[in-house]
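One structure below.
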There are 4 protein chains.
Amino acid sequence: MKKLFLIVFVTLLVTSAVQAQRKIVHLPDIPGYVTLKCDFHMHTVFSDGSVWPLNRVAEAYRDGLDAIAITDHIEYTPKKDYIPVDYNAAWKIAEPAAKEGNILLVHAAEITRDMPPGHLNALFITDGNALVKDSVFDAVSEAVKQGAFILWNHPGWKSQEKDGIPKIYDMHRKLFEKKMIHGIEFFNSSEYYPLVLEMCSKYNVAVMGNSDAHGVISESYKAPEYSNRPMTLVFSKKRDTESLKEAMFAGRTAAYFRDMLGGREEYLKPFFYQSITVGKVFYENDRNKYFEITNNSDIPYYLVNGTAGAPASITLAANSVTRVVVSKKFTGTLAYDVKNIMTGPDSVLKVEIKY
Amino acid sequence: MKKLFLIVFVTLLVTSAVQAQRKIVHLPDIPGYVTLKCDFHMHTVFSDGSVWPLNRVAEAYRDGLDAIAITDHIEYTPKKDYIPVDYNAAWKIAEPAAKEGNILLVHAAEITRDMPPGHLNALFITDGNALVKDSVFDAVSEAVKQGAFILWNHPGWKSQEKDGIPKIYDMHRKLFEKKMIHGIEFFNSSEYYPLVLEMCSKYNVAVMGNSDAHGVISESYKAPEYSNRPMTLVFSKKRDTESLKEAMFAGRTAAYFRDMLGGREEYLKPFFYQSITVGKVFYENDRNKYFEITNNSDIPYYLVNGTAGAPASITLAANSVTRVVVSKKFTGTLAYDVKNIMTGPDSVLKVEIKY
Amino acid sequence: MKKLFLIVFVTLLVTSAVQAQRKIVHLPDIPGYVTLKCDFHMHTVFSDGSVWPLNRVAEAYRDGLDAIAITDHIEYTPKKDYIPVDYNAAWKIAEPAAKEGNILLVHAAEITRDMPPGHLNALFITDGNALVKDSVFDAVSEAVKQGAFILWNHPGWKSQEKDGIPKIYDMHRKLFEKKMIHGIEFFNSSEYYPLVLEMCSKYNVAVMGNSDAHGVISESYKAPEYSNRPMTLVFSKKRDTESLKEAMFAGRTAAYFRDMLGGREEYLKPFFYQSITVGKVFYENDRNKYFEITNNSDIPYYLVNGTAGAPASITLAANSVTRVVVSKKFTGTLAYDVKNIMTGPDSVLKVEIKY
Amino acid sequence: MKKLFLIVFVTLLVTSAVQAQRKIVHLPDIPGYVTLKCDFHMHTVFSDGSVWPLNRVAEAYRDGLDAIAITDHIEYTPKKDYIPVDYNAAWKIAEPAAKEGNILLVHAAEITRDMPPGHLNALFITDGNALVKDSVFDAVSEAVKQGAFILWNHPGWKSQEKDGIPKIYDMHRKLFEKKMIHGIEFFNSSEYYPLVLEMCSKYNVAVMGNSDAHGVISESYKAPEYSNRPMTLVFSKKRDTESLKEAMFAGRTAAYFRDMLGGREEYLKPFFYQSITVGKVFYENDRNKYFEITNNSDIPYYLVNGTAGAPASITLAANSVTRVVVSKKFTGTLAYDVKNIMTGPDSVLKVEIKY
């Protein structure tokens with residue numbers, strides 16, 4: 001009888017699935033700084049998340065992040081009947097894996113109160129359990145005493161602000177004055193709050209973007225329109241925790257999600273120019289001149305409102321070369337608004353293309 | 001000043017991601033029975049898995065499954081420093097969601113011992129905590145007393161069988177004799193064990209296929225070659241827990257993974273014929289006759305060793321129509337081996353195509 | 001020396017790519033009719049297209065279409081320096097392949113004039129070369145003499161109507177009166193013209209949707225938001241050319257593209273109801289009743305403006321099961337507008353869901 | 001009456017589809033040379049291809065190629081009843097578009113004879129029509145007189161070599177001696193011929209890889225396992241036609257397809273090292289040292305047969321960072337075979353990883 005199958009044991013999974021690789025996120029450094037890709041807001045089974053802390057490290061590794069913070073709620077622990085409360089547990093579990101995976105893990109927790117002041121992430125803390133206080137002011141003070149960077153989360157979250165408009169309450173004003181808020185989320189989960197750019201300028205704090213993940217990251221952002229989860233870009237002197245912290249307190253950040261950037265012109269202008277390379281004219285005929293712009297970043301740039309005589313708009317697709325055709329007679333400079341780089345609630349980055 | 005953005009709060013996530021839909025798994029029923037898509041082996045944070053029990057229900061819902069079992073290990077609870085041991089916790093947490101999601105949730109646990117007998121899933125139990133026994137025989141007896149279907153997991157798992165060859169030990173023989181094993185895994189996670197088909201025939205037990213998921217299902221099976229996780233198909237009189245149980249004890253099952261089916265000819269032959277529709281000759285010219293075979297299932301069928309004069313092989317792609325061209329002179333019957341339907345360790349299903 | 005490679009010749013392409021399969025387009029028949037998936041507007045190298053006629057058949061086969069027409073321009077043949085003009089050539093080349101591929105190939109040509117009357121496809125002709133006439137009226141008359149169905153293409157095309165608004169000129173009025181226009185394109189390529197629904201009702205002609213492909217179909221519609229090219233659905237008594245023609249002259253059509261349907265309520269209402277199956281309540285608790293709606297079609301349906309007390313909106317994802325939760329107290333009928341089924345320029349289909 | 005739709009004309013296609021972008025193929029330059037990505041073998045409607053010449057330029061642009069040749073058959077023109085024969089037509093049509101698209105278009109034709117010598121591409125010719133000769137030797141001589149680089153196509157093609165084994169016939173030997181063959185295809189379409197590496201070494205000619213496309217490139221290589229069409233990498237002093245030609249005659253080439261490279265160690269060794277960056281040890285614990293290897297290229301590298309004490313195999317996924325863990329005690333050098341870089345019919349590239 002012919003033997004069709006000799007095998008008694010077969011592995012069907014190919015190697016690629018066995019050990020995940022770290023993605024390279026193509027975002028440029030800016031002069032003087034390395035650009036760290038970070039997510040400072042996510043949950044685990046130790047509060048209302050649905051995954052074990054190690055998953056957050058594995059997800060960050062696959063997504064090519066440099067730094068993350070697990071920020072389980074202090075005041076909201078719906079799984080406590082099954083999992084005893086310990087605000088340092090997630091950190092303790094995740095830390096060895098983060099070290100082995102070359103991820104900077106920031107010890108953190110989320111102080112979770114009604115508005116005002118709403119939800120505040122305490123990043124770079126040393127003991128989460130010490131943040132259990134009746135008064136929110138006491139909790140934040142304790143965090144600050146531990147050296148924490150205080151991040152105001154989703155200030156326009158509709159569960160706390162019906163109209164979705166972030167508002168500065170007296171309590172926020174006091175916290176800003178006492179240097180007890182150091183950053184505000186522009187991107188959170190699936191939302192963004194344009195006014196945050198103005199607030200960050202006014203109070204001189206960092207623009208942030210985070211996932212606020214409760215479930216599985218790859219499931220939340222699997223639709224084709226997401227190239228990535230929301231993240232905070234930190235322009236840091238080096239890739240280590242001390243430098244990261246220094247950069248954040250100095251406000252050298254930007255927020256990035258869904259092909260959109262939000263932050264200060266001071267950082268986003270060099271970021272844009274470092275993303276692209278403009279070639280020389282490679283061909284010229286009776287009518288036109290042709291040159292190419294290479295966008296080496298993962299972010300497409302939508303250039304609009306072009307100078308008269310130049311193309312009205314140019315899309316610089318991510319990781320692509322775009323050919324630009326200008327009239328032979330055109331000798332001016334190509335100036336554009338970059339529609340998807342917000343520098344204020346009603347302003348976008350203006351750039352010039354020199355070829 | 002020109003206002004570029006009036007918005008103060010924006011939702012970037014589209015509706016499609018907000019609430020997952022239940023996939024339709026296109027697999028045919030067979031005469032007299034509905035085909036239930038099931039996964040009877042998976043873990044959560046209550047043993048060595050990395051997700052909360054509710055995630056298993058949500059995954060099953062999205063994957064279009066009809067029935068699942070959460071089978072946390074009795075004897076292996078590596079997270080017990082953080083999560084107190086309770087072998088019924090996962091069931092209690094998941095059950096309300098399963099009801100609301102129209103998923104048949106089977107109360108279960110995994111008796112986890114050295115080989116022999118190796119790992120055994122006890123399905124349809126009533127109290128997991130009662131399975132904590134020194135002797136494996138006592139544990140299985142208790143499960144059987146509760147009415148359990150005992151599934152022998154991954155019998156050729158290399159951690160327990162160095163050569164990957166499943167072996168029937170005395171202890172298994174005794175358990176089979178006492179009707180204390182009712183099924184064996186042919187597919188487990190990324191592996192399959194051809195000899196299991198022979199073992200199931202010999203001892204008259206059910207052929208099973210399960211994910212043995214520890215991590216996130218969508219991450220484990222995201223490579224393009226996976227259309228689905230491993231699953232057990234149960235040919236059940238109705239879609240309810242009683243009928244499901246009856247069908248499993250009666251051995252009316254097959255295993256399905258990665259475009260491969262394993263099981264008894266008795267069930268897989270009608271399954272194949274219910275998957276396809278053979279059309280009439282739609283065109284004929286001097287040389288050839290043309291007709292179409294429609295495969296309405298998610299499983300491609302690879303027909304090989306064709307009758308002389310007919311196409312040597314035909315691939316019936318999943319959810320597709322395949323055109324077949326035969327010589328005008330050919331009047332015989334088209335007979336094939338279906339390469340990816342295994343009915344024994346060295347046999348595959350033989351079919352005839354009548355057009 | 002160890003031999004690493006014994007192979008001297010290797011095929012790297014897997015079978016799946018060798019012979020394309022015919023996709024099954026999941027769209028329901030309606031009572032009394034089969035739903036034929038058709039594209040009656042496309043070009044080849046014989047006018048200003050970029051592919052050989054056989055490619056149009058191969059594309060249609062892969063896309064699961066039932067009928068197509070190649071409609072090269074009569075009055076616009078920019079490749080004539082390289083390819084001598086013959087308005088029947090594409091038909092002659094494509095016809096044998098269409099027969100072997102079970103595609104109904106409609107002999108056709110595009111009468112290509114300034115507005116009015118603009119571009120008109122003559123479908124079901126017998127000789128394209130006879131349509132070369134100075135006067136457009138003579139050309140249309142000749143086509144009609146041959147038995148043609150005359151289709152008014154892209155009536156709001158911006159190259160001919162600056163404001164994009166389709167307009168009925170005197171010439172159109174005359175052609176309608178003389179029964180010399182039998183259908184109008186609602187979808188063309190990437191555009192749609194809501195007013196066409198009104199025009200079709202008024203003049204009692206067929207609502208059509210076509211690709212107007214000049215390049216490669218799979219390249220034009222490769223973005224993830226396209227599940228398909230624009231197509232005309234014809235509700236035909238049988239799947240043959242005679243029945244197809246009868247149905248088109250009778251106006252039993254609808255247009256389909258990008259998850260949107262346009263056409264008469266008379267056909268789209270049964271089409272919607274044939275797409276879905278509403279299950280019984282499968283679970284009920286103190287507050288809610290749960291049931292499922294299965295959408296077996298490739299078209300998601302966006303139900304909005306729900307009856308008070310019922311969910312305000314429901315998305316019935318394509319080929320998916322959607323769970324619906326209604327309050328236990330709710331006893332009324334679920335009534336919705338289907339946002340993506342247009343029955344007029346400012347009306348959408350209204351449906352009731354009975355569970 | 002409520003107006004649901006105000007629009008009368010709507011564009012459904014998003015900008016991204018309107019104007020294709022040029023992909024960046026991530027392959028490194030090697031010291032002294034730029035790596036040009038080329039495909040020197042493809043057909044159009046002017047022989048037995050199915051697309052217009054402009055499509056070949058558009059495809060090359062999208063695929064990020066630097067240079068292409070359209071090589072329609074001299075002796076095989078099956079469409080001549082519809083398209084009059086002109087062996088320079090494709091070149092004339094494509095050239096302006098190539099210039100505007102920054103593609104180096106090589107004027108070419110395929111001398112198409114029985115084996116021996118089989119099919120020969122004449123690249124860098126000046127007049128295709130002059131290659132129409134009875135004797136193949138005369139045809140090749142004419143091409144060489146025009147300055148052509150002669151490429152021996154698919155030497156093991158089963159239609160000409162039943163066993164698939166490339167063979168050097170007397171006629172080839174003569175052509176090699178007279179310097180009338182300058183390169184041989186290692187990759188052609190879906191096949192590769194390991195012996196070609198030996199033949200190229202022996203006769204000191206260039207290793208080539210080309211698509212031999214007849215249909216649409218994106219359709220032929222759409223399966224997920226293809227990251228690209230077959231291509232010839234040319235290590236050129238500059239990116240212009242003269243330099244390209246010089247490099248090819250000098251044999252500075254390699255062939256690339258489906259994650260496999262074939263060519264001389266002399267070029268592929270620096271190519272490999274330029275693809276990767278090896279980081280410093282970023283973490284060390286009691287047992288292990290951890291470091292990262294970044295692979296900035298589109299080609300995954302499969303390292304096997306590792307030095308004792310080091311990981312037996314390492315997969316450096318494309319555009320990813322791979323973490324490597326070695327025992328703390330290990331102090332040797334990591335040496336590997338790169339399984340997917342062939343340097344001979346039975347040899348692969350050997351590399352060392354210094355961290």
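Residues are named by chain letter and number: chains run A, B, ... in the order of the structure tokens, numbers start at 1 in each chain, and ligands are numbered from 1 in the order shown.
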Subject >> Long-range neighbours of range 57-72 of chain C as a PyMOL selection string, 9 Å cut-off, only C-alpha atoms, 4 positions minimum in chain >> reply: (chain B and resi 320-321) or (chain C and resi 20-25+36-49+53+76-77+87+90-91+94-95+97-98+101-111+121-124+212+216-218+228-229+231+239+241+244)
**OP:** Using only C-alpha atoms, find the residues of chain D whose closest atom to chain B is at most 12 Å away, then write them as number ranges by chain.
**Re:** D: 223-225
Resulting file, chosen residues, C-alpha atoms, as a JSON list (two decimals), in the first residue's frame:
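That gives us selection.json:
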```json
[["chain", "number", "residue", "atom", "x", "y", "z"],
["D", 223, "ALA", "CA", 0.31, 37.02, -3.78],
["D", 224, "PRO", "CA", 1.56, 37.96, -0.31],
["D", 225, "GLU", "CA", 4.78, 36.01, -0.75]]
```
Subject >> DSSP-assigned alpha helix (DSSP H) among range 196-345 of chain D, expressed as an NGL selection string >> reply: :D and (196-203 or 217-220 or 241-249 or 265-275)
Dump of C-alpha atoms for the selected residues, as a PDB file, in the first residue's frame:
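That gives us part.pdb:
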```pdb
ATOM      1  CA  VAL D 196      23.573  29.875 -14.078  1.00  0.00           C
ATOM      2  CA  LEU D 197      25.766  31.110 -11.223  1.00  0.00           C
ATOM      3  CA  GLU D 198      28.460  28.647 -12.285  1.00  0.00           C
ATOM      4  CA  MET D 199      28.052  29.522 -15.966  1.00  0.00           C
ATOM      5  CA  CYS D 200      28.382  33.230 -15.257  1.00  0.00           C
ATOM      6  CA  SER D 201      31.572  32.647 -13.285  1.00  0.00           C
ATOM      7  CA  LYS D 202      33.068  30.428 -15.945  1.00  0.00           C
ATOM      8  CA  TYR D 203      32.349  32.784 -18.829  1.00  0.00           C
ATOM      9  CA  ILE D 217       2.980  43.141 -13.229  1.00  0.00           C
ATOM     10  CA  SER D 218       0.809  43.882 -10.203  1.00  0.00           C
ATOM     11  CA  GLU D 219      -1.475  40.978 -11.067  1.00  0.00           C
ATOM     12  CA  SER D 220       1.377  38.537 -11.603  1.00  0.00           C
ATOM     13  CA  THR D 241      22.425  55.098 -18.983  1.00  0.00           C
ATOM     14  CA  GLU D 242      26.137  55.203 -19.779  1.00  0.00           C
ATOM     15  CA  SER D 243      27.132  54.120 -16.288  1.00  0.00           C
ATOM     16  CA  LEU D 244      24.441  51.461 -16.266  1.00  0.00           C
ATOM     17  CA  LYS D 245      25.817  50.002 -19.490  1.00  0.00           C
ATOM     18  CA  GLU D 246      29.381  50.111 -18.265  1.00  0.00           C
ATOM     19  CA  ALA D 247      28.433  48.292 -15.068  1.00  0.00           C
ATOM     20  CA  MET D 248      26.558  45.571 -16.919  1.00  0.00           C
ATOM     21  CA  PHE D 249      29.381  44.859 -19.334  1.00  0.00           C
ATOM     22  CA  GLU D 265      30.327  36.955  -3.365  1.00  0.00           C
ATOM     23  CA  GLU D 266      32.357  40.011  -4.348  1.00  0.00           C
ATOM     24  CA  TYR D 267      29.164  42.101  -4.591  1.00  0.00           C
ATOM     25  CA  LEU D 268      26.777  40.270  -2.322  1.00  0.00           C
ATOM     26  CA  LYS D 269      29.055  40.304   0.718  1.00  0.00           C
ATOM     27  CA  PRO D 270      29.243  44.118   0.886  1.00  0.00           C
ATOM     28  CA  PHE D 271      25.560  44.231  -0.063  1.00  0.00           C
ATOM     29  CA  PHE D 272      24.700  42.133   2.972  1.00  0.00           C
ATOM     30  CA  TYR D 273      26.860  44.159   5.329  1.00  0.00           C
ATOM     31  CA  GLN D 274      25.428  47.426   4.026  1.00  0.00           C
ATOM     32  CA  SER D 275      21.941  46.083   4.677  1.00  0.00           C
TER      33      SER D 275
END
```
**OP:** With a distance cut-off of 12 Å and only C-alpha atoms, select the neighbouring residues of Ser159 in chain A, excluding the residue or stretch itself and same-chain residues fewer than 2 positions from it, and output the selection as number ranges by chain.
**Re:** A: 113-115, 118-119, 154-157, 161-166
Restrict the selected residues to N, CA and C atoms and save them as a CSV table (one decimal), in the first residue's frame.
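Now in out24.csv:
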```
chain,number,residue,atom,x,y,z
A,113,ARG,N,-9.9,61.0,38.7
A,113,ARG,CA,-10.9,61.8,39.4
A,113,ARG,C,-11.9,62.4,38.5
A,114,ASP,N,-13.0,62.9,39.1
A,114,ASP,CA,-14.0,63.7,38.3
A,114,ASP,C,-13.3,64.9,37.8
A,115,MET,N,-13.9,65.5,36.8
A,115,MET,CA,-13.5,66.8,36.3
A,115,MET,C,-14.0,68.0,37.1
A,118,GLY,N,-10.1,65.9,36.4
A,118,GLY,CA,-10.1,64.8,35.5
A,118,GLY,C,-9.0,63.7,35.8
A,119,HIS,N,-8.6,63.1,34.7
A,119,HIS,CA,-7.6,62.0,34.9
A,119,HIS,C,-6.2,62.5,34.6
A,154,HIS,N,-6.8,63.2,28.1
A,154,HIS,CA,-8.0,63.4,27.4
A,154,HIS,C,-8.9,64.6,28.0
A,155,PRO,N,-8.4,65.8,27.9
A,155,PRO,CA,-9.1,66.9,28.6
A,155,PRO,C,-10.5,67.2,28.0
A,156,GLY,N,-10.8,66.7,26.8
A,156,GLY,CA,-12.1,66.9,26.3
A,156,GLY,C,-13.0,65.7,26.2
A,157,TRP,N,-12.6,64.7,26.9
A,157,TRP,CA,-13.3,63.4,26.9
A,157,TRP,C,-14.8,63.6,27.2
A,161,GLU,N,-16.6,66.0,29.8
A,161,GLU,CA,-17.0,67.3,29.2
A,161,GLU,C,-18.0,67.0,28.1
A,162,LYS,N,-19.3,67.2,28.4
A,162,LYS,CA,-20.3,66.9,27.5
A,162,LYS,C,-20.1,67.4,26.0
A,163,ASP,N,-19.6,68.7,26.0
A,163,ASP,CA,-19.5,69.3,24.6
A,163,ASP,C,-18.1,68.9,24.0
A,164,GLY,N,-17.3,68.1,24.6
A,164,GLY,CA,-16.1,67.7,24.0
A,164,GLY,C,-15.0,68.8,24.0
A,165,ILE,N,-15.3,69.9,24.6
A,165,ILE,CA,-14.3,71.1,24.6
A,165,ILE,C,-13.5,71.1,25.9
A,166,PRO,N,-12.2,71.0,25.8
A,166,PRO,CA,-11.4,71.0,27.0
A,166,PRO,C,-11.5,72.4,27.6
```
**OP:** Name all residues at most 9 Å from Glu142 in chain C (count only C-alpha atoms; drop same-chain ones fewer than 5 positions away) and give them as a ChimeraX atom specification.
**Re:** /C:130-131,133,137,147-148
Taking all heavy atoms for each residue, export the selection above as a PDB file, in the first residue's frame.
```pdb
ATOM      1  N   ALA C 130     -20.312  50.440 -38.761  1.00  0.00           N
ATOM      2  CA  ALA C 130     -21.455  51.135 -39.371  1.00  0.00           C
ATOM      3  C   ALA C 130     -21.879  52.362 -38.571  1.00  0.00           C
ATOM      4  O   ALA C 130     -22.719  53.144 -39.021  1.00  0.00           O
ATOM      5  CB  ALA C 130     -22.633  50.170 -39.518  1.00  0.00           C
ATOM      6  N   LEU C 131     -21.297  52.535 -37.374  1.00  0.00           N
ATOM      7  CA  LEU C 131     -21.695  53.672 -36.536  1.00  0.00           C
ATOM      8  C   LEU C 131     -20.898  54.934 -36.853  1.00  0.00           C
ATOM      9  O   LEU C 131     -21.090  55.973 -36.218  1.00  0.00           O
ATOM     10  CB  LEU C 131     -21.543  53.323 -35.054  1.00  0.00           C
ATOM     11  CG  LEU C 131     -22.296  52.087 -34.544  1.00  0.00           C
ATOM     12  CD1 LEU C 131     -22.198  51.987 -33.027  1.00  0.00           C
ATOM     13  CD2 LEU C 131     -23.762  52.125 -34.966  1.00  0.00           C
ATOM     14  N   LYS C 133     -20.600  57.987 -38.472  1.00  0.00           N
ATOM     15  CA  LYS C 133     -21.524  58.880 -39.166  1.00  0.00           C
ATOM     16  C   LYS C 133     -21.181  60.308 -38.753  1.00  0.00           C
ATOM     17  O   LYS C 133     -20.733  60.544 -37.629  1.00  0.00           O
ATOM     18  CB  LYS C 133     -22.980  58.624 -38.721  1.00  0.00           C
ATOM     19  CG  LYS C 133     -23.463  57.193 -38.875  1.00  0.00           C
ATOM     20  CD  LYS C 133     -23.964  56.926 -40.275  1.00  0.00           C
ATOM     21  CE  LYS C 133     -24.534  55.505 -40.360  1.00  0.00           C
ATOM     22  NZ  LYS C 133     -24.782  55.132 -41.768  1.00  0.00           N
ATOM     23  N   PHE C 137     -27.150  61.919 -34.537  1.00  0.00           N
ATOM     24  CA  PHE C 137     -28.473  61.327 -34.645  1.00  0.00           C
ATOM     25  C   PHE C 137     -28.435  60.123 -35.596  1.00  0.00           C
ATOM     26  O   PHE C 137     -29.033  59.079 -35.326  1.00  0.00           O
ATOM     27  CB  PHE C 137     -29.471  62.384 -35.127  1.00  0.00           C
ATOM     28  CG  PHE C 137     -30.877  61.917 -35.003  1.00  0.00           C
ATOM     29  CD1 PHE C 137     -31.569  62.027 -33.788  1.00  0.00           C
ATOM     30  CD2 PHE C 137     -31.535  61.333 -36.076  1.00  0.00           C
ATOM     31  CE1 PHE C 137     -32.859  61.573 -33.661  1.00  0.00           C
ATOM     32  CE2 PHE C 137     -32.839  60.870 -35.956  1.00  0.00           C
ATOM     33  CZ  PHE C 137     -33.507  61.001 -34.740  1.00  0.00           C
ATOM     34  N   GLY C 147     -30.538  47.211 -33.130  1.00  0.00           N
ATOM     35  CA  GLY C 147     -31.153  46.639 -31.924  1.00  0.00           C
ATOM     36  C   GLY C 147     -30.522  47.129 -30.630  1.00  0.00           C
ATOM     37  O   GLY C 147     -30.747  46.547 -29.559  1.00  0.00           O
ATOM     38  N   ALA C 148     -29.771  48.217 -30.706  1.00  0.00           N
ATOM     39  CA  ALA C 148     -28.961  48.622 -29.546  1.00  0.00           C
ATOM     40  C   ALA C 148     -29.770  49.209 -28.398  1.00  0.00           C
ATOM     41  O   ALA C 148     -30.799  49.866 -28.608  1.00  0.00           O
ATOM     42  CB  ALA C 148     -27.892  49.618 -29.975  1.00  0.00           C
TER      43      ALA C 148
END
```
Original post:
What is the CA of Ser227 in chain A-CA of Asp259 in chain A distance in Å, reported with one decimal?
Top reply: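 Going from CA of Ser227 in chain A over to CA of Asp259 in chain A covers 7.7 Å.
Among D:Ala206, D:Leu27, D:Ile150, D:Val348, the residue with the shortest atom-to-atom distance to Asn295 in chain D, counting only C-alpha atoms, is D:Leu27.
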**OP:** Pick out the residues sitting within 6 Å of range 174-191 of chain C, and hand them over as a VMD selection string; count only C-alpha atoms, and ignore anything fewer than 3 positions along from it in its own chain.
**Re:** (chain C and resid 149 to 154 171 196 205 to 212) or (chain D and resid 10 to 13)
**OP:** With a distance cut-off of 10 Å and only C-alpha atoms, select the neighbouring residues of Lys328 in chain B, excluding the residue or stretch itself and same-chain residues fewer than 6 positions from it, and output the selection as number ranges by chain.
**Re:** B: 284-290
Original post:
Do you have the CA of Asn340 in chain B-CA of Asn296 in chain C distance handy?
Top reply: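 Separation between CA of Asn340 in chain B and CA of Asn296 in chain C: 26.9 Å.
Between CA of Val234 in chain A and CA of Tyr336 in chain A there is a distance of 25.7 Å.
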